[in-house]
file target.cif (mmCIF, C-alpha atoms)
data_protein
loop_
_atom_site.label_atom_id
_atom_site.label_comp_id
_atom_site.auth_asym_id
_atom_site.auth_seq_id
_atom_site.Cartn_x
_atom_site.Cartn_y
_atom_site.Cartn_z
CA MET A 1 -2.97 -58.40 30.27
CA LEU A 2 0.37 -56.76 29.64
CA ARG A 3 1.39 -54.87 32.77
CA VAL A 4 4.22 -52.34 32.33
CA ALA A 5 5.61 -51.75 35.80
CA CYS A 6 8.06 -49.51 37.63
CA VAL A 7 9.02 -48.93 41.25
CA LYS A 8 9.45 -45.57 42.99
CA LYS A 9 10.52 -45.61 46.64
CA GLY A 10 11.42 -42.52 48.64
CA GLU A 11 12.55 -39.17 47.27
CA LYS A 12 15.59 -40.13 45.19
CA TYR A 13 13.47 -39.91 42.05
CA GLY A 14 10.70 -37.36 41.66
CA ALA A 15 7.25 -38.04 40.26
CA GLU A 16 8.40 -36.61 36.91
CA TYR A 17 10.50 -39.74 36.37
CA VAL A 18 7.40 -41.92 36.60
CA ARG A 19 5.30 -39.65 34.41
CA ASN A 20 8.04 -39.40 31.79
CA LEU A 21 8.43 -43.18 31.73
CA GLN A 22 4.67 -43.65 31.43
CA ALA A 23 4.57 -41.17 28.55
CA GLY A 24 7.55 -42.81 26.82
CA VAL A 25 5.85 -46.19 27.00
CA ALA A 26 2.62 -44.69 25.65
CA ARG A 27 4.51 -43.19 22.69
CA HIS A 28 6.35 -46.34 21.75
CA LEU A 29 4.03 -49.22 22.65
CA SER A 30 0.95 -49.89 20.51
CA ILE A 31 -0.08 -53.05 22.40
CA GLU A 32 -2.89 -52.66 24.91
CA HIS A 33 -1.36 -52.47 28.37
CA GLU A 34 -1.75 -51.17 31.89
CA PHE A 35 0.97 -49.01 33.41
CA LEU A 36 1.57 -49.60 37.13
CA CYS A 37 3.89 -47.90 39.62
CA LEU A 38 4.69 -49.78 42.82
CA THR A 39 5.37 -46.96 45.27
CA ASP A 40 5.13 -45.52 48.77
CA THR A 41 3.81 -42.19 47.40
CA PRO A 42 0.76 -42.25 45.08
CA MET A 43 0.84 -39.79 42.17
CA VAL A 44 -1.98 -38.05 40.35
CA GLY A 45 -2.45 -39.43 36.86
CA VAL A 46 -0.54 -42.66 37.52
CA ASN A 47 -2.01 -46.05 38.40
CA CYS A 48 -0.24 -46.89 41.67
CA GLU A 49 -0.01 -49.87 44.00
CA LEU A 50 1.31 -49.23 47.49
CA LEU A 51 4.44 -51.01 48.65
CA LYS A 52 3.69 -53.25 51.61
CA HIS A 53 7.18 -53.20 53.10
CA ASP A 54 9.42 -50.29 54.07
CA LEU A 55 12.59 -51.54 52.40
CA PRO A 56 15.60 -49.36 51.61
CA GLY A 57 16.21 -48.15 48.07
CA TRP A 58 16.42 -50.72 45.32
CA TRP A 59 15.42 -53.57 47.64
CA SER A 60 11.82 -52.46 47.13
CA LYS A 61 12.06 -53.85 43.60
CA LEU A 62 11.91 -57.36 45.02
CA GLU A 63 8.27 -56.68 45.94
CA LEU A 64 7.54 -57.09 42.23
CA PHE A 65 7.74 -60.81 42.92
CA ARG A 66 5.51 -61.02 45.98
CA ASP A 67 2.58 -63.36 45.71
CA GLY A 68 -0.63 -61.82 44.38
CA LEU A 69 0.71 -58.53 43.01
CA PHE A 70 0.17 -59.81 39.47
CA SER A 71 -2.11 -62.58 38.27
CA ARG A 72 -0.99 -65.64 36.35
CA ASP A 73 -2.74 -64.20 33.28
CA ASP A 74 -0.49 -61.13 33.32
CA ARG A 75 2.75 -60.61 31.46
CA VAL A 76 4.99 -58.13 33.24
CA LEU A 77 7.50 -55.80 31.62
CA TYR A 78 9.46 -53.82 34.21
CA PHE A 79 11.53 -50.66 33.67
CA ASP A 80 13.53 -48.59 36.14
CA VAL A 81 12.09 -45.09 36.27
CA ASP A 82 15.18 -43.56 34.61
CA THR A 83 14.78 -45.69 31.46
CA LEU A 84 14.12 -44.00 28.11
CA MET A 85 12.04 -45.41 25.26
CA VAL A 86 13.51 -44.19 21.97
CA ASP A 87 11.66 -46.36 19.43
CA ASN A 88 8.90 -48.94 19.19
CA ILE A 89 8.98 -51.66 21.87
CA ASP A 90 6.12 -53.88 20.67
CA ASP A 91 8.34 -56.90 20.08
CA ILE A 92 10.02 -56.59 23.48
CA ALA A 93 6.64 -56.19 25.16
CA SER A 94 5.34 -59.27 23.32
CA TYR A 95 7.94 -61.54 24.94
CA ASP A 96 6.05 -64.41 26.56
CA GLY A 97 8.85 -66.64 27.82
CA PRO A 98 10.18 -67.23 31.34
CA PHE A 99 11.92 -64.65 33.53
CA THR A 100 14.51 -62.56 31.71
CA ILE A 101 16.67 -59.61 32.71
CA LEU A 102 19.41 -57.36 31.35
CA ARG A 103 23.01 -58.43 31.15
CA ASP A 104 25.08 -56.01 33.23
CA ALA A 105 26.75 -53.41 31.02
CA TYR A 106 30.14 -53.92 32.70
CA ARG A 107 29.87 -57.49 34.04
CA PRO A 108 28.97 -59.79 31.15
CA TRP A 109 28.43 -62.66 33.60
CA GLY A 110 26.11 -60.59 35.81
CA TYR A 111 22.57 -59.22 35.76
CA GLN A 112 21.25 -55.67 35.74
CA SER A 113 17.68 -55.26 36.97
CA GLY A 114 16.82 -52.04 35.12
CA VAL A 115 14.64 -54.00 32.69
CA MET A 116 12.97 -57.34 33.41
CA ALA A 117 10.15 -59.41 31.91
CA PHE A 118 8.31 -62.35 33.41
CA PRO A 119 4.91 -64.06 33.55
CA GLY A 120 2.79 -62.71 36.38
CA ASN A 121 3.16 -64.44 39.74
CA SER A 122 5.82 -66.78 38.32
CA CYS A 123 8.75 -65.60 40.44
CA VAL A 124 7.27 -65.71 43.92
CA ASP A 125 10.25 -67.80 45.05
CA ILE A 126 12.58 -64.82 44.55
CA TRP A 127 10.65 -62.82 47.15
CA ASP A 128 9.74 -65.69 49.47
CA GLU A 129 13.26 -67.06 49.75
CA TRP A 130 14.72 -63.60 50.37
CA CYS A 131 12.26 -63.15 53.25
CA ARG A 132 12.83 -66.68 54.54
CA VAL A 133 16.60 -66.14 54.93
CA GLY A 134 16.17 -62.79 56.69
CA GLN A 135 16.18 -60.30 53.79
CA PRO A 136 19.99 -60.21 53.36
CA LYS A 137 21.28 -56.94 51.90
CA LEU A 138 23.86 -58.30 49.48
CA GLU A 139 26.53 -56.10 47.94
CA GLY A 140 25.19 -55.42 44.48
CA GLY A 141 21.62 -54.96 45.62
CA ASP A 142 18.46 -56.65 44.37
CA GLN A 143 20.09 -57.82 41.17
CA ALA A 144 22.72 -59.69 43.19
CA TRP A 145 19.93 -61.62 44.91
CA ILE A 146 18.27 -62.33 41.57
CA GLU A 147 21.60 -63.70 40.33
CA CYS A 148 21.49 -66.12 43.27
CA MET A 149 17.97 -67.25 42.40
CA ARG A 150 18.08 -67.50 38.60
CA HIS A 151 20.82 -69.28 36.65
CA ASP A 152 21.36 -70.06 32.97
CA ILE A 153 18.53 -67.86 31.74
CA ALA A 154 18.15 -66.09 28.41
CA LEU A 155 19.13 -62.43 28.79
CA LEU A 156 17.36 -59.53 27.12
CA GLN A 157 20.29 -58.40 24.99
CA ASP A 158 20.51 -61.90 23.51
CA LEU A 159 16.77 -62.13 22.91
CA PHE A 160 16.68 -58.64 21.33
CA PRO A 161 20.15 -57.82 19.97
CA ASP A 162 21.06 -54.12 19.78
CA ARG A 163 17.62 -53.08 21.08
CA LEU A 164 18.39 -52.43 24.76
CA LEU A 165 21.50 -50.33 25.33
CA SER A 166 23.33 -48.66 28.20
CA TYR A 167 23.57 -44.88 28.00
CA LYS A 168 27.08 -44.78 29.46
CA ALA A 169 28.43 -47.73 27.51
CA ASN A 170 26.68 -47.25 24.15
CA CYS A 171 24.74 -44.01 23.72
CA ARG A 172 26.52 -40.96 25.11
CA ASN A 173 26.74 -39.16 21.77
CA GLN A 174 23.92 -40.64 19.72
CA ILE A 175 21.33 -43.40 19.59
CA PRO A 176 22.76 -46.34 17.64
CA PRO A 177 20.57 -47.66 14.79
CA GLY A 178 17.99 -50.18 15.95
CA ALA A 179 17.93 -49.15 19.62
CA SER A 180 14.53 -48.99 21.33
CA VAL A 181 15.36 -48.83 25.05
CA VAL A 182 18.21 -46.93 26.73
CA PHE A 183 18.85 -47.79 30.36
CA PHE A 184 20.74 -45.58 32.80
CA HIS A 185 22.87 -46.76 35.72
CA GLY A 186 24.83 -44.61 38.13
CA HIS A 187 25.34 -41.09 36.83
CA PRO A 188 24.42 -39.10 34.86
CA LYS A 189 20.64 -39.41 35.00
CA PRO A 190 18.44 -38.30 32.07
CA PRO A 191 17.73 -34.74 33.32
CA GLU A 192 21.50 -34.21 33.72
CA CYS A 193 22.16 -35.01 30.05
CA ASN A 194 22.10 -32.92 26.91
CA GLY A 195 22.00 -33.82 23.22
CA TRP A 196 19.53 -36.44 22.06
CA VAL A 197 18.38 -37.22 25.61
CA VAL A 198 16.56 -33.89 25.89
CA ASP A 199 14.09 -34.84 23.15
CA HIS A 200 13.19 -38.13 24.84
CA TRP A 201 13.13 -36.92 28.44
CA ARG A 202 9.61 -35.48 28.46
CA ASN A 203 6.02 -36.53 29.11
CA ASP A 204 4.20 -34.97 26.17
CA HIS A 205 1.50 -37.48 25.20
CA ARG A 206 0.86 -35.57 21.98
CA ILE A 207 4.06 -36.90 20.42
CA PRO A 208 3.03 -39.48 17.73
CA MET A 209 3.60 -43.06 18.78
CA ALA A 210 6.32 -44.86 16.83
CA LYS A 211 4.93 -47.59 14.59
CA SER A 212 6.26 -51.10 14.53
CA ALA A 213 8.06 -52.16 11.39
#
call {"tool": "encode", "arguments": {"input": "target.cif", "output": "structure tokens"}}
result
Amino acid sequence: MLRVACVKKGEKYGAEYVRNLQAGVARHLSIEHEFLCLTDTPMVGVNCELLKHDLPGWWSKLELFRDGLFSRDDRVLYFDVDTLMVDNIDDIASYDGPFTILRDAYRPWGYQSGVMAFPGNSCVDIWDEWCRVGQPKLEGGDQAWIECMRHDIALLQDLFPDRLLSYKANCRNQIPPGASVVFFHGHPKPPECNGWVVDHWRNDHRIPMAKSA
């Protein structure tokens, strides 16, 4: 089963972020899937799994890798809740290789954990080792820990060239041709933007789903 996952911890992001992401995935993914939000606050209309640990901020994302959350038959595609789908993502969602993650928009040698894909229950070591060494809060957050645990991996922008783009680095004025996923980091966030973002920042399930080429 394809599991499309996100994490919402605390009040930094409202429930509308999760619902808008769920709707964006529904519009642009024709493959059968289950949408799951790992959260401390269940939401009506969203399939939720409760976080087991009260971790600060982005550190809750590491719970994605705890043993038993996903089965070995699952494929997991993770998006931060402020990610926008702008075109069909069937090919990205069909990725069935080992763990992959975004290249950081400003650090070409680093990782950015706004989008990740991995086989279910295949990255338990990321969580287990972080717990074993005392849950260190590294500068750079969860993605800094992932950099410590995964080396020489294929990154999403290399697997899917021009398909996953940074809003600040690539998309402030328009969506470049071929883009399917726009990820946000820092500020602004989608509801603070104008222009093309307004049309994609919504949860209207009636919008026709984009077809794959």
call {"tool": "resolve_selection", "arguments": {"input": "target.cif", "expression": "the PyMOL selection byres ((chain A and resi 124-140) around 9)", "output": "MDAnalysis selection string"}}
result
chainID A and resid 59 62:68 121:123 141:146 149:150
call {"tool": "residues_around", "arguments": {"input": "target.cif", "residues": "region 177-180 of chain A", "least_positions_apart": "5", "cutoff": "6 Å", "atoms": "all atoms listed in the file", "output": "PyMOL selection string"}}
result
chain A and resi 85-87+162-163
call {"tool": "resolve_selection", "arguments": {"input": "target.cif", "expression": "the PyMOL selection byres ((chain A and resi 200-202) around 12)", "output": "count of residues only"}}
result
40
call {"tool": "resolve_selection", "arguments": {"input": "target.cif", "expression": "the PyMOL selection byres ((chain A and resi 157) around 12)", "output": "PDB file with C-alpha atoms, in the coordinates of the input"}}
result
ATOM      1  CA  ILE A  92      10.020 -56.590  23.480  1.00  0.00           C
ATOM      2  CA  THR A 100      14.510 -62.560  31.710  1.00  0.00           C
ATOM      3  CA  ILE A 101      16.670 -59.610  32.710  1.00  0.00           C
ATOM      4  CA  LEU A 102      19.410 -57.360  31.350  1.00  0.00           C
ATOM      5  CA  ARG A 103      23.010 -58.430  31.150  1.00  0.00           C
ATOM      6  CA  ASP A 104      25.080 -56.010  33.230  1.00  0.00           C
ATOM      7  CA  ALA A 105      26.750 -53.410  31.020  1.00  0.00           C
ATOM      8  CA  PRO A 108      28.970 -59.790  31.150  1.00  0.00           C
ATOM      9  CA  TYR A 111      22.570 -59.220  35.760  1.00  0.00           C
ATOM     10  CA  GLN A 112      21.250 -55.670  35.740  1.00  0.00           C
ATOM     11  CA  VAL A 115      14.640 -54.000  32.690  1.00  0.00           C
ATOM     12  CA  MET A 116      12.970 -57.340  33.410  1.00  0.00           C
ATOM     13  CA  ILE A 153      18.530 -67.860  31.740  1.00  0.00           C
ATOM     14  CA  ALA A 154      18.150 -66.090  28.410  1.00  0.00           C
ATOM     15  CA  LEU A 155      19.130 -62.430  28.790  1.00  0.00           C
ATOM     16  CA  LEU A 156      17.360 -59.530  27.120  1.00  0.00           C
ATOM     17  CA  ASP A 158      20.510 -61.900  23.510  1.00  0.00           C
ATOM     18  CA  LEU A 159      16.770 -62.130  22.910  1.00  0.00           C
ATOM     19  CA  PHE A 160      16.680 -58.640  21.330  1.00  0.00           C
ATOM     20  CA  PRO A 161      20.150 -57.820  19.970  1.00  0.00           C
ATOM     21  CA  ASP A 162      21.060 -54.120  19.780  1.00  0.00           C
ATOM     22  CA  ARG A 163      17.620 -53.080  21.080  1.00  0.00           C
ATOM     23  CA  LEU A 164      18.390 -52.430  24.760  1.00  0.00           C
ATOM     24  CA  LEU A 165      21.500 -50.330  25.330  1.00  0.00           C
ATOM     25  CA  SER A 166      23.330 -48.660  28.200  1.00  0.00           C
ATOM     26  CA  ALA A 179      17.930 -49.150  19.620  1.00  0.00           C
ATOM     27  CA  SER A 180      14.530 -48.990  21.330  1.00  0.00           C
ATOM     28  CA  VAL A 181      15.360 -48.830  25.050  1.00  0.00           C
ATOM     29  CA  VAL A 182      18.210 -46.930  26.730  1.00  0.00           C
ATOM     30  CA  PHE A 183      18.850 -47.790  30.360  1.00  0.00           C
TER      31      PHE A 183
END
